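Participant: my_file_23.cif is reproduced below (mmCIF, C-alpha atoms and all ligand atoms).
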data_final
loop_
_atom_site.label_atom_id
_atom_site.label_comp_id
_atom_site.auth_asym_id
_atom_site.auth_seq_id
_atom_site.Cartn_x
_atom_site.Cartn_y
_atom_site.Cartn_z
CA MET A 1 11.11 -15.28 6.95
CA ASP A 2 12.04 -16.77 3.63
CA PHE A 3 9.92 -16.64 0.47
CA LYS A 4 12.00 -19.02 -1.63
CA GLY A 5 9.83 -20.51 -4.39
CA LYS A 6 7.11 -17.86 -3.88
CA VAL A 7 5.97 -15.22 -6.33
CA ALA A 8 4.90 -11.78 -5.09
CA ILE A 9 3.17 -9.02 -7.05
CA VAL A 10 3.65 -5.48 -5.70
CA THR A 11 1.51 -2.77 -7.29
CA GLY A 12 2.92 0.73 -7.22
CA GLY A 13 6.27 -1.01 -6.81
CA GLY A 14 8.21 1.81 -8.47
CA SER A 15 8.28 4.20 -5.51
CA GLY A 16 7.99 4.65 -1.76
CA ILE A 17 6.35 1.86 0.24
CA GLY A 18 5.89 -0.30 -2.88
CA ARG A 19 9.53 -0.03 -3.79
CA ALA A 20 10.64 -0.91 -0.26
CA SER A 21 8.24 -3.89 -0.26
CA ALA A 22 9.51 -5.20 -3.60
CA GLU A 23 13.07 -4.97 -2.27
CA GLU A 24 12.12 -6.67 1.00
CA PHE A 25 10.47 -9.65 -0.74
CA ALA A 26 13.38 -9.99 -3.18
CA ARG A 27 15.93 -9.89 -0.33
CA ARG A 28 13.97 -12.75 1.23
CA HIS A 29 14.17 -14.75 -2.01
CA ALA A 30 10.72 -14.23 -3.54
CA ALA A 31 10.44 -13.65 -7.28
CA VAL A 32 8.87 -10.19 -7.49
CA ALA A 33 6.65 -8.68 -10.15
CA VAL A 34 7.02 -4.91 -9.82
CA VAL A 35 3.89 -3.31 -11.26
CA ASP A 36 3.67 0.42 -11.87
CA ARG A 37 2.26 2.81 -14.43
CA ASP A 38 5.51 4.79 -14.22
CA ARG A 39 7.77 2.81 -16.52
CA GLU A 40 11.01 4.54 -15.62
CA LYS A 41 10.61 4.11 -11.86
CA GLY A 42 9.39 0.51 -12.10
CA GLU A 43 12.20 -0.53 -14.44
CA THR A 44 14.74 1.05 -12.09
CA VAL A 45 13.44 -0.97 -9.12
CA ALA A 46 13.49 -4.25 -11.07
CA ARG A 47 16.99 -3.49 -12.35
CA ASP A 48 18.28 -2.61 -8.86
CA VAL A 49 16.78 -5.79 -7.37
CA LYS A 50 18.46 -7.88 -10.06
CA ALA A 51 21.76 -6.07 -9.48
CA GLN A 52 21.53 -7.17 -5.82
CA GLY A 53 21.09 -10.79 -6.92
CA GLY A 54 17.29 -10.89 -6.58
CA VAL A 55 14.65 -12.04 -9.04
CA ALA A 56 12.35 -9.31 -10.36
CA THR A 57 10.48 -8.31 -13.44
CA PHE A 58 8.81 -5.00 -14.25
CA LEU A 59 5.31 -4.89 -15.69
CA ALA A 60 3.88 -1.56 -16.83
CA ALA A 61 0.18 -1.30 -16.05
CA ASP A 62 -2.49 1.07 -14.83
CA VAL A 63 -4.03 -1.17 -12.17
CA SER A 64 -7.34 0.69 -12.31
CA ASN A 65 -7.87 -0.68 -15.83
CA GLU A 66 -9.27 -4.24 -15.89
CA GLU A 67 -7.79 -5.15 -19.28
CA GLU A 68 -4.33 -4.12 -18.12
CA VAL A 69 -4.77 -6.06 -14.86
CA GLU A 70 -5.80 -9.19 -16.77
CA GLN A 71 -2.77 -8.84 -19.03
CA LEU A 72 -0.33 -8.31 -16.18
CA VAL A 73 -1.63 -11.33 -14.27
CA ALA A 74 -1.33 -13.45 -17.44
CA ARG A 75 2.25 -12.24 -17.88
CA VAL A 76 3.19 -13.11 -14.29
CA MET A 77 1.69 -16.57 -14.77
CA ALA A 78 3.55 -17.03 -18.07
CA GLN A 79 6.86 -15.96 -16.55
CA PHE A 80 6.70 -17.47 -13.04
CA GLY A 81 3.85 -20.01 -13.21
CA ARG A 82 2.22 -19.05 -9.88
CA ILE A 83 1.11 -16.17 -7.66
CA ASP A 84 1.42 -16.52 -3.88
CA ILE A 85 1.43 -12.94 -2.59
CA LEU A 86 -0.31 -9.74 -3.64
CA VAL A 87 0.63 -6.39 -2.16
CA SER A 88 -2.05 -3.97 -3.33
CA ASN A 89 -0.19 -0.74 -2.71
CA ALA A 90 -0.69 1.63 -5.67
CA GLY A 91 -2.43 4.75 -4.51
CA ILE A 92 -2.80 8.47 -4.99
CA GLN A 93 -3.52 11.32 -2.57
CA ARG A 94 -5.86 14.18 -3.53
CA TYR A 95 -7.59 16.84 -1.44
CA GLY A 96 -11.08 18.29 -1.22
CA THR A 97 -14.49 18.10 0.44
CA VAL A 98 -17.82 16.82 -0.90
CA THR A 99 -18.77 20.30 -2.09
CA THR A 100 -15.39 21.27 -3.61
CA ILE A 101 -14.50 18.20 -5.69
CA THR A 102 -15.94 17.14 -9.02
CA GLN A 103 -17.33 13.73 -9.86
CA GLU A 104 -14.19 13.13 -11.95
CA GLU A 105 -11.94 13.91 -8.98
CA TRP A 106 -13.94 11.50 -6.81
CA ASP A 107 -13.75 8.78 -9.47
CA GLU A 108 -10.01 9.21 -10.02
CA VAL A 109 -9.18 8.41 -6.39
CA MET A 110 -11.77 5.65 -6.04
CA ASN A 111 -10.51 3.99 -9.22
CA VAL A 112 -6.85 3.92 -8.21
CA ASN A 113 -7.14 3.43 -4.45
CA LEU A 114 -10.11 1.06 -4.29
CA LYS A 115 -11.26 -0.33 -7.65
CA ALA A 116 -7.69 -1.31 -8.56
CA ALA A 117 -7.42 -3.40 -5.37
CA PHE A 118 -10.72 -5.13 -6.25
CA LEU A 119 -9.48 -5.83 -9.80
CA MET A 120 -6.11 -7.15 -8.62
CA CYS A 121 -7.85 -9.48 -6.15
CA LYS A 122 -10.44 -10.57 -8.69
CA HIS A 123 -7.74 -11.71 -11.10
CA THR A 124 -5.10 -13.06 -8.69
CA ILE A 125 -7.24 -14.97 -6.16
CA PRO A 126 -8.20 -17.74 -8.64
CA ARG A 127 -4.51 -18.19 -9.50
CA MET A 128 -3.63 -18.38 -5.77
CA ILE A 129 -6.37 -20.93 -5.10
CA GLU A 130 -5.03 -23.16 -7.91
CA ARG A 131 -1.79 -23.45 -5.90
CA GLY A 132 -3.44 -24.06 -2.53
CA GLY A 133 -3.81 -20.48 -1.27
CA GLY A 134 -2.09 -17.16 -0.88
CA SER A 135 -1.75 -13.98 1.09
CA ILE A 136 -2.97 -10.48 0.24
CA VAL A 137 -1.75 -7.33 1.94
CA MET A 138 -3.62 -4.11 1.24
CA VAL A 139 -1.87 -0.82 1.87
CA GLY A 140 -4.56 1.22 3.59
CA SER A 141 -3.76 4.15 5.84
CA VAL A 142 -4.56 5.48 9.28
CA GLN A 143 -7.28 7.08 7.12
CA SER A 144 -8.85 3.58 6.84
CA VAL A 145 -10.16 4.07 10.39
CA ALA A 146 -9.82 7.82 11.05
CA ALA A 147 -10.86 10.89 9.09
CA GLN A 148 -8.84 13.86 7.92
CA ARG A 149 -10.14 17.26 6.97
CA ASN A 150 -10.28 18.18 3.27
CA SER A 151 -9.49 14.64 2.06
CA VAL A 152 -12.91 13.07 1.55
CA GLN A 153 -12.16 10.96 -1.51
CA TYR A 154 -8.91 9.60 -0.02
CA VAL A 155 -10.45 8.82 3.38
CA VAL A 156 -13.47 7.08 1.84
CA SER A 157 -11.28 5.04 -0.53
CA LYS A 158 -9.04 3.90 2.35
CA HIS A 159 -12.04 3.03 4.56
CA GLY A 160 -13.32 0.99 1.59
CA LEU A 161 -10.04 -0.86 1.30
CA LEU A 162 -10.40 -2.15 4.85
CA GLY A 163 -13.94 -3.33 4.03
CA LEU A 164 -12.61 -5.10 0.94
CA THR A 165 -9.89 -6.76 3.05
CA ARG A 166 -12.46 -8.05 5.54
CA CYS A 167 -14.79 -9.35 2.79
CA ILE A 168 -11.95 -11.24 1.11
CA ALA A 169 -10.86 -12.72 4.44
CA LEU A 170 -14.42 -14.02 4.99
CA ASP A 171 -15.23 -15.10 1.44
CA TYR A 172 -11.96 -16.92 0.67
CA GLY A 173 -10.63 -17.98 4.08
CA LYS A 174 -11.74 -21.57 3.54
CA GLN A 175 -9.63 -21.66 0.37
CA ASN A 176 -6.56 -20.65 2.36
CA ILE A 177 -6.50 -17.02 1.26
CA ARG A 178 -5.55 -14.57 3.99
CA ALA A 179 -6.09 -10.82 3.58
CA ASN A 180 -4.82 -8.11 5.91
CA CYS A 181 -4.57 -4.35 5.69
CA VAL A 182 -1.68 -2.21 6.94
CA LEU A 183 -2.47 1.28 8.14
CA PRO A 184 0.63 3.46 7.77
CA GLY A 185 0.98 6.80 9.51
CA ALA A 186 2.97 9.52 7.73
CA ILE A 187 5.77 7.84 5.79
CA ASP A 188 8.59 9.71 4.11
CA THR A 189 7.93 8.92 0.44
CA PRO A 190 7.65 10.94 -2.78
CA MET A 191 3.85 11.01 -2.25
CA LEU A 192 4.18 12.63 1.14
CA ARG A 193 6.72 15.16 -0.12
CA ARG A 194 4.46 16.00 -3.09
CA SER A 195 1.58 16.60 -0.66
CA ALA A 196 3.78 18.77 1.56
CA GLY A 197 4.82 20.72 -1.55
CA LEU A 198 1.21 21.83 -2.07
CA ASP A 199 1.48 23.93 1.11
CA PRO A 200 3.09 27.39 0.98
CA HIS A 201 5.35 26.16 3.82
CA PRO A 202 6.32 22.56 3.02
CA GLU A 203 8.95 22.46 5.75
CA ARG A 204 6.25 23.17 8.36
CA VAL A 205 4.15 20.29 7.03
CA LEU A 206 7.11 17.91 7.15
CA GLU A 207 7.92 19.06 10.65
CA ALA A 208 4.30 18.41 11.71
CA CYS A 209 4.45 14.95 10.08
CA ASP A 210 7.40 14.18 12.36
CA ARG A 211 5.87 15.72 15.47
CA ILE A 212 2.52 13.89 15.43
CA HIS A 213 4.18 10.51 15.93
CA ILE A 214 5.14 9.44 19.43
CA ARG A 215 8.86 9.16 18.61
CA GLY A 216 8.84 12.59 16.94
CA LYS A 217 9.83 11.23 13.52
CA MET A 218 7.70 10.03 10.63
CA GLY A 219 8.02 6.47 9.32
CA ARG A 220 10.39 5.15 6.70
CA PRO A 221 9.10 3.01 3.79
CA GLU A 222 11.16 0.01 4.99
CA GLU A 223 9.39 0.13 8.35
CA VAL A 224 6.09 -0.52 6.57
CA ALA A 225 7.65 -3.08 4.21
CA HIS A 226 8.83 -5.18 7.17
CA VAL A 227 5.26 -5.48 8.44
CA ILE A 228 3.91 -6.18 4.96
CA ALA A 229 6.41 -9.03 4.54
CA PHE A 230 5.49 -10.43 7.96
CA LEU A 231 1.76 -10.38 7.14
CA ALA A 232 2.43 -12.08 3.80
CA SER A 233 4.52 -14.78 5.46
CA ASP A 234 3.49 -18.02 7.18
CA LEU A 235 4.51 -16.43 10.49
CA ALA A 236 1.19 -14.55 10.25
CA SER A 237 -0.78 -17.75 9.53
CA PHE A 238 -3.44 -16.93 12.18
CA MET A 239 -3.94 -13.35 10.98
CA THR A 240 -6.64 -12.51 8.49
CA GLY A 241 -9.08 -9.63 8.13
CA SER A 242 -6.85 -7.53 10.40
CA ALA A 243 -6.17 -3.82 10.31
CA VAL A 244 -2.56 -3.45 11.39
CA ALA A 245 -1.45 0.05 12.31
CA VAL A 246 2.14 0.89 11.33
CA ASP A 247 1.80 4.41 12.55
CA GLY A 248 4.25 5.17 15.34
CA GLY A 249 1.30 5.36 17.74
CA LEU A 250 -0.61 7.98 15.76
CA LEU A 251 -3.90 6.15 16.32
CA VAL A 252 -3.44 6.08 20.07
CA PRO A 253 -6.60 7.90 21.20
CA VAL A 254 -6.01 11.65 21.36
CA GLY A 255 -6.95 11.67 25.05
CA GLY A 256 -3.82 9.58 25.65
CA MET A 257 -0.78 11.17 27.27
CA ALA A 258 1.49 10.72 24.27
CA PHE A 259 -0.26 13.33 22.17
CA GLN A 260 -0.77 15.73 25.05
CA GLU A 261 2.94 15.61 25.85
CA SER A 262 3.90 16.16 22.21
CA GLY A 263 2.01 19.45 22.32
CA THR A 264 0.33 18.87 18.97
CA GLY A 265 -3.17 19.18 20.39
CA GLY A 266 -3.98 15.87 18.74
CA THR A 267 -3.61 17.01 15.16
CA LYS A 268 -4.49 14.23 12.77
CA ASP A 269 -3.86 16.04 9.49
CA VAL A 270 -1.52 13.55 7.89
CA PRO A 271 -1.54 11.76 4.55
N1 LIG A 301 3.38 8.07 2.30
C1 LIG A 301 2.49 8.06 3.30
O1 LIG A 301 2.58 8.86 4.27
C2 LIG A 301 1.34 7.10 3.28
C3 LIG A 301 0.57 6.97 4.45
C4 LIG A 301 -0.49 6.08 4.47
C5 LIG A 301 -0.75 5.30 3.36
N2 LIG A 301 -0.01 5.43 2.23
C6 LIG A 301 -0.36 4.59 1.08
O2 LIG A 301 0.75 3.85 0.69
C7 LIG A 301 0.66 3.56 -0.71
C8 LIG A 301 1.98 3.93 -1.36
O3 LIG A 301 2.19 5.30 -1.16
P1 LIG A 301 3.63 6.01 -1.30
O4 LIG A 301 3.66 7.06 -0.29
O5 LIG A 301 4.68 4.97 -1.36
O6 LIG A 301 3.39 6.73 -2.73
P2 LIG A 301 4.33 6.99 -3.99
O7 LIG A 301 3.64 8.04 -4.78
O8 LIG A 301 5.73 7.21 -3.55
O9 LIG A 301 4.26 5.60 -4.78
C9 LIG A 301 3.06 5.15 -5.37
C10 LIG A 301 3.38 4.41 -6.64
O10 LIG A 301 2.13 3.95 -7.18
C11 LIG A 301 2.15 4.13 -8.58
N3 LIG A 301 0.77 4.21 -9.07
C12 LIG A 301 -0.14 5.19 -8.79
N4 LIG A 301 -1.28 4.94 -9.45
C13 LIG A 301 -1.09 3.80 -10.16
C14 LIG A 301 -1.90 3.04 -11.05
N5 LIG A 301 -3.16 3.44 -11.36
N6 LIG A 301 -1.39 1.92 -11.60
C15 LIG A 301 -0.12 1.55 -11.32
N7 LIG A 301 0.70 2.22 -10.50
C16 LIG A 301 0.21 3.33 -9.92
C17 LIG A 301 2.92 5.44 -8.78
O11 LIG A 301 3.41 5.55 -10.11
C18 LIG A 301 4.01 5.30 -7.72
O12 LIG A 301 5.17 4.67 -8.26
C19 LIG A 301 -0.54 4.34 -1.22
O13 LIG A 301 -1.65 3.48 -1.32
C20 LIG A 301 -0.77 5.38 -0.14
O14 LIG A 301 -2.09 5.80 -0.09
C21 LIG A 301 1.04 6.30 2.18
#
Could you write out this structure as structure tokens?

Facilitator:
Amino acid sequence: MDFKGKVAIVTGGGSGIGRASAEEFARRHAAVAVVDRDREKGETVARDVKAQGGVATFLAADVSNEEEVEQLVARVMAQFGRIDILVSNAGIQRYGTVTTITQEEWDEVMNVNLKAAFLMCKHTIPRMIERGGGSIVMVGSVQSVAAQRNSVQYVVSKHGLLGLTRCIALDYGKQNIRANCVLPGAIDTPMLRRSAGLDPHPERVLEACDRIHIRGKMGRPEEVAHVIAFLASDLASFMTGSAVAVDGGLLVPVGGMAFQESGTGGTKDVP
């Protein structure tokens, strides 16, 4: 897999899965636009990529804000002249049920996890089509196809992201745009550790995050980034509209032996 001559935008590229994806594309010779609202983290990633001999630029933006999305896309075009790959990865995790969260808490998650992906696609797809096509990878979650207690706004936003992926695959397939959605299980990132920190016993949460996967260990950001890079590449030319689990077997139906043997009772309470 080589992305020489290609330009990739990675949203939420300053941390976790986004950071690993930006590094993966750069290692494989793409020019990478690292987009994040956290300036310090995003600048560090771009600087580290450049120190390794890669091509990267950092763009500060809140991707749930259309004006900022328009500006960042214009800046990528001005600097690199094309957009071939979009990894829509920026996301936040919040907790609650329909009766415990406020409208503002609902909107916050929908805006970052779902509206931002719509906005990024809206403004990058025309630029991709100008150059003959492109590939979009959405970072969904196992929560794109399964539910989790006390996480309604997150689960609904991630289900929506899979719907968005499928619509883009259908609406723009003839213009050579492919869109796929990865569904990570629990991945050891700052987000997951922040979530675990909300529990009075974070170590127990982390231990459960390991245990629920067939191999007994949660995923690493690079393990998701490898699949993202594959889906973005021409090797995945016949894949579009797919939901690709990168979950260590977490979505294997609970009746399956793997979960019974692990003794978890089929717990699915993961980020
Ligand atoms: N870590 C997991 O276990 C896990 C599992 C399934 C899915 N995911 C998904 O993977 C994606 C990345 O998660 P992560 O664990 O790497 O999280 P993370 O918190 O480590 O990184 C997310 C990055 O996104 C940035 N970001 C957040 N909102 C933004 C906005 N509005 N505009 C620009 N940047 C923004 C943050 O500043 C941060 O740098 C998310 O969409 C998350 O829902 C994570």

Participant: From the options A:Glu24, A:Glu222, A:Asp199, A:Asp234, which residue's atoms come nearest to ligand LIG 301 (chain A), counting all atoms listed in the file?

Facilitator: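 Between A:Glu24, A:Glu222, A:Asp199, A:Asp234, the residue approaching ligand LIG 301 (chain A) most closely is A:Glu222.
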
Participant: Throw together the list of residues within 7 Å of ligand LIG 301 (chain A), counting all atoms listed in the file, and drop it here as a PDB file with C-alpha atoms, keeping the file's coordinate frame.

Facilitator:
ATOM      1  CA  THR A  11       1.510  -2.770  -7.290  1.00  0.00           C
ATOM      2  CA  GLY A  12       2.920   0.730  -7.220  1.00  0.00           C
ATOM      3  CA  GLY A  13       6.270  -1.010  -6.810  1.00  0.00           C
ATOM      4  CA  GLY A  14       8.210   1.810  -8.470  1.00  0.00           C
ATOM      5  CA  SER A  15       8.280   4.200  -5.510  1.00  0.00           C
ATOM      6  CA  GLY A  16       7.990   4.650  -1.760  1.00  0.00           C
ATOM      7  CA  ILE A  17       6.350   1.860   0.240  1.00  0.00           C
ATOM      8  CA  GLY A  18       5.890  -0.300  -2.880  1.00  0.00           C
ATOM      9  CA  VAL A  35       3.890  -3.310 -11.260  1.00  0.00           C
ATOM     10  CA  ASP A  36       3.670   0.420 -11.870  1.00  0.00           C
ATOM     11  CA  ARG A  37       2.260   2.810 -14.430  1.00  0.00           C
ATOM     12  CA  ASP A  38       5.510   4.790 -14.220  1.00  0.00           C
ATOM     13  CA  LYS A  41      10.610   4.110 -11.860  1.00  0.00           C
ATOM     14  CA  ALA A  61       0.180  -1.300 -16.050  1.00  0.00           C
ATOM     15  CA  ASP A  62      -2.490   1.070 -14.830  1.00  0.00           C
ATOM     16  CA  VAL A  63      -4.030  -1.170 -12.170  1.00  0.00           C
ATOM     17  CA  SER A  64      -7.340   0.690 -12.310  1.00  0.00           C
ATOM     18  CA  ASN A  89      -0.190  -0.740  -2.710  1.00  0.00           C
ATOM     19  CA  ALA A  90      -0.690   1.630  -5.670  1.00  0.00           C
ATOM     20  CA  GLY A  91      -2.430   4.750  -4.510  1.00  0.00           C
ATOM     21  CA  ILE A  92      -2.800   8.470  -4.990  1.00  0.00           C
ATOM     22  CA  GLN A  93      -3.520  11.320  -2.570  1.00  0.00           C
ATOM     23  CA  VAL A 112      -6.850   3.920  -8.210  1.00  0.00           C
ATOM     24  CA  ASN A 113      -7.140   3.430  -4.450  1.00  0.00           C
ATOM     25  CA  VAL A 139      -1.870  -0.820   1.870  1.00  0.00           C
ATOM     26  CA  GLY A 140      -4.560   1.220   3.590  1.00  0.00           C
ATOM     27  CA  SER A 141      -3.760   4.150   5.840  1.00  0.00           C
ATOM     28  CA  VAL A 142      -4.560   5.480   9.280  1.00  0.00           C
ATOM     29  CA  LEU A 183      -2.470   1.280   8.140  1.00  0.00           C
ATOM     30  CA  PRO A 184       0.630   3.460   7.770  1.00  0.00           C
ATOM     31  CA  GLY A 185       0.980   6.800   9.510  1.00  0.00           C
ATOM     32  CA  ALA A 186       2.970   9.520   7.730  1.00  0.00           C
ATOM     33  CA  ILE A 187       5.770   7.840   5.790  1.00  0.00           C
ATOM     34  CA  ASP A 188       8.590   9.710   4.110  1.00  0.00           C
ATOM     35  CA  THR A 189       7.930   8.920   0.440  1.00  0.00           C
ATOM     36  CA  PRO A 190       7.650  10.940  -2.780  1.00  0.00           C
ATOM     37  CA  MET A 191       3.850  11.010  -2.250  1.00  0.00           C
ATOM     38  CA  LEU A 192       4.180  12.630   1.140  1.00  0.00           C
ATOM     39  CA  PRO A 271      -1.540  11.760   4.550  1.00  0.00           C
TER      40      PRO A 271
END

Participant: Which is closest to Lys217 in chain A among A:Ile177, A:Leu250, A:Val182, A:Ala232, if we use only C-alpha atoms?

Facilitator: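 The answer is A:Leu250, which sits nearest to Lys217 in chain A.
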
Participant: Quick one, how far is CA of Val32 in chain A from CA of Met128 in chain A?

Facilitator: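 Spanning CA of Val32 in chain A to CA of Met128 in chain A is a straight-line distance of 15.0 Å.
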
Participant: Mind giving me the straight-line distance from CA of Val252 in chain A to CA of Leu86 in chain A in Å, one decimal?

Facilitator: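 Distance between the two atoms: 28.7 Å.
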
Participant: Residues near Ala51 in chain A, anyone? I mean within 12 Å using only C-alpha atoms, not counting same-chain ones fewer than 6 positions away, as a list in words.

Facilitator: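 Close residues of Ala51 in chain A: Glu23, Ala26, Arg27, Thr44 and Val45 of chain A.
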
Participant: Please provide the set of residues having any atom within 7 Å of Ala46 in chain A, restricted to all atoms listed in the file, with same-chain residues fewer than 4 positions apart removed, written as a PyMOL selection string.

Facilitator: chain A and resi 34+42+50+56-58

Participant: Please work out which residues fall within 12 Å of (1.2, -16.3, -15.5), coordinates as given in the file, with only C-alpha atoms counting, and return them as number ranges by chain.

Facilitator: A: 7-9, 33, 69-84, 123-124, 126-128, 130

Participant: Excluding same-chain residues fewer than 4 positions from Thr165 in chain A, what lies within 7 Å of it counting all atoms listed in the file, as a VMD selection string?

Facilitator: chain A and resid 161 169 179 to 181 241

Participant: Limited to C-alpha atoms, could you put the picked residues into a file as an mmCIF file, in the coordinates of the input?

Facilitator:
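Final output, saved to result03.cif:
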data_model
loop_
_atom_site.group_PDB
_atom_site.id
_atom_site.type_symbol
_atom_site.label_atom_id
_atom_site.label_comp_id
_atom_site.auth_asym_id
_atom_site.auth_seq_id
_atom_site.Cartn_x
_atom_site.Cartn_y
_atom_site.Cartn_z
ATOM 1 C CA LEU A 161 -10.040 -0.860 1.300
ATOM 2 C CA ALA A 169 -10.860 -12.720 4.440
ATOM 3 C CA ALA A 179 -6.090 -10.820 3.580
ATOM 4 C CA ASN A 180 -4.820 -8.110 5.910
ATOM 5 C CA CYS A 181 -4.570 -4.350 5.690
ATOM 6 C CA GLY A 241 -9.080 -9.630 8.130
#

Participant: Just the number, please: distance in Å from CA of Phe230 in chain A to CA of Arg28 in chain A, one decimal.

Facilitator: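 Taking CA of Phe230 in chain A as the start and CA of Arg28 in chain A as the end point, the length is 11.1 Å.
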
Participant: What would range 239-252 of chain A look like if you wrote it out as a compact mmCIF listing (two decimals), in the first residue's frame, with N, CA and C atoms included, from the block I just posted?

Facilitator:
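Everything below was put into decode_25.txt:
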# COMPACT_ATOMS: atom_id res chain seq x y z
N MET A 239 -14.79 -2.47 -2.24
CA MET A 239 -15.50 -2.30 -0.96
C MET A 239 -16.10 -0.91 -0.88
N THR A 240 -17.39 -0.84 -0.72
CA THR A 240 -18.03 0.45 -0.43
C THR A 240 -19.33 0.19 0.31
N GLY A 241 -19.67 1.10 1.19
CA GLY A 241 -20.89 0.96 2.00
C GLY A 241 -20.74 -0.09 3.09
N SER A 242 -19.52 -0.54 3.35
CA SER A 242 -19.32 -1.65 4.30
C SER A 242 -19.16 -1.16 5.73
N ALA A 243 -19.60 -2.00 6.64
CA ALA A 243 -19.31 -1.82 8.07
C ALA A 243 -18.27 -2.86 8.43
N VAL A 244 -17.08 -2.41 8.77
CA VAL A 244 -15.96 -3.33 8.98
C VAL A 244 -15.59 -3.35 10.46
N ALA A 245 -15.91 -4.44 11.12
CA ALA A 245 -15.60 -4.54 12.55
C ALA A 245 -14.10 -4.71 12.75
N VAL A 246 -13.56 -3.90 13.66
CA VAL A 246 -12.14 -4.03 14.06
C VAL A 246 -12.20 -4.16 15.58
N ASP A 247 -12.71 -5.30 16.01
CA ASP A 247 -13.22 -5.37 17.38
C ASP A 247 -12.79 -6.61 18.14
N GLY A 248 -11.75 -7.28 17.65
CA GLY A 248 -11.27 -8.46 18.36
C GLY A 248 -12.37 -9.49 18.62
N GLY A 249 -13.38 -9.50 17.75
CA GLY A 249 -14.44 -10.50 17.88
C GLY A 249 -15.56 -10.11 18.84
N LEU A 250 -15.55 -8.86 19.28
CA LEU A 250 -16.57 -8.44 20.26
C LEU A 250 -18.00 -8.60 19.74
N LEU A 251 -18.17 -8.42 18.41
CA LEU A 251 -19.52 -8.51 17.86
C LEU A 251 -19.93 -9.95 17.50
N VAL A 252 -19.05 -10.89 17.77
CA VAL A 252 -19.47 -12.29 17.61
C VAL A 252 -20.69 -12.47 18.51
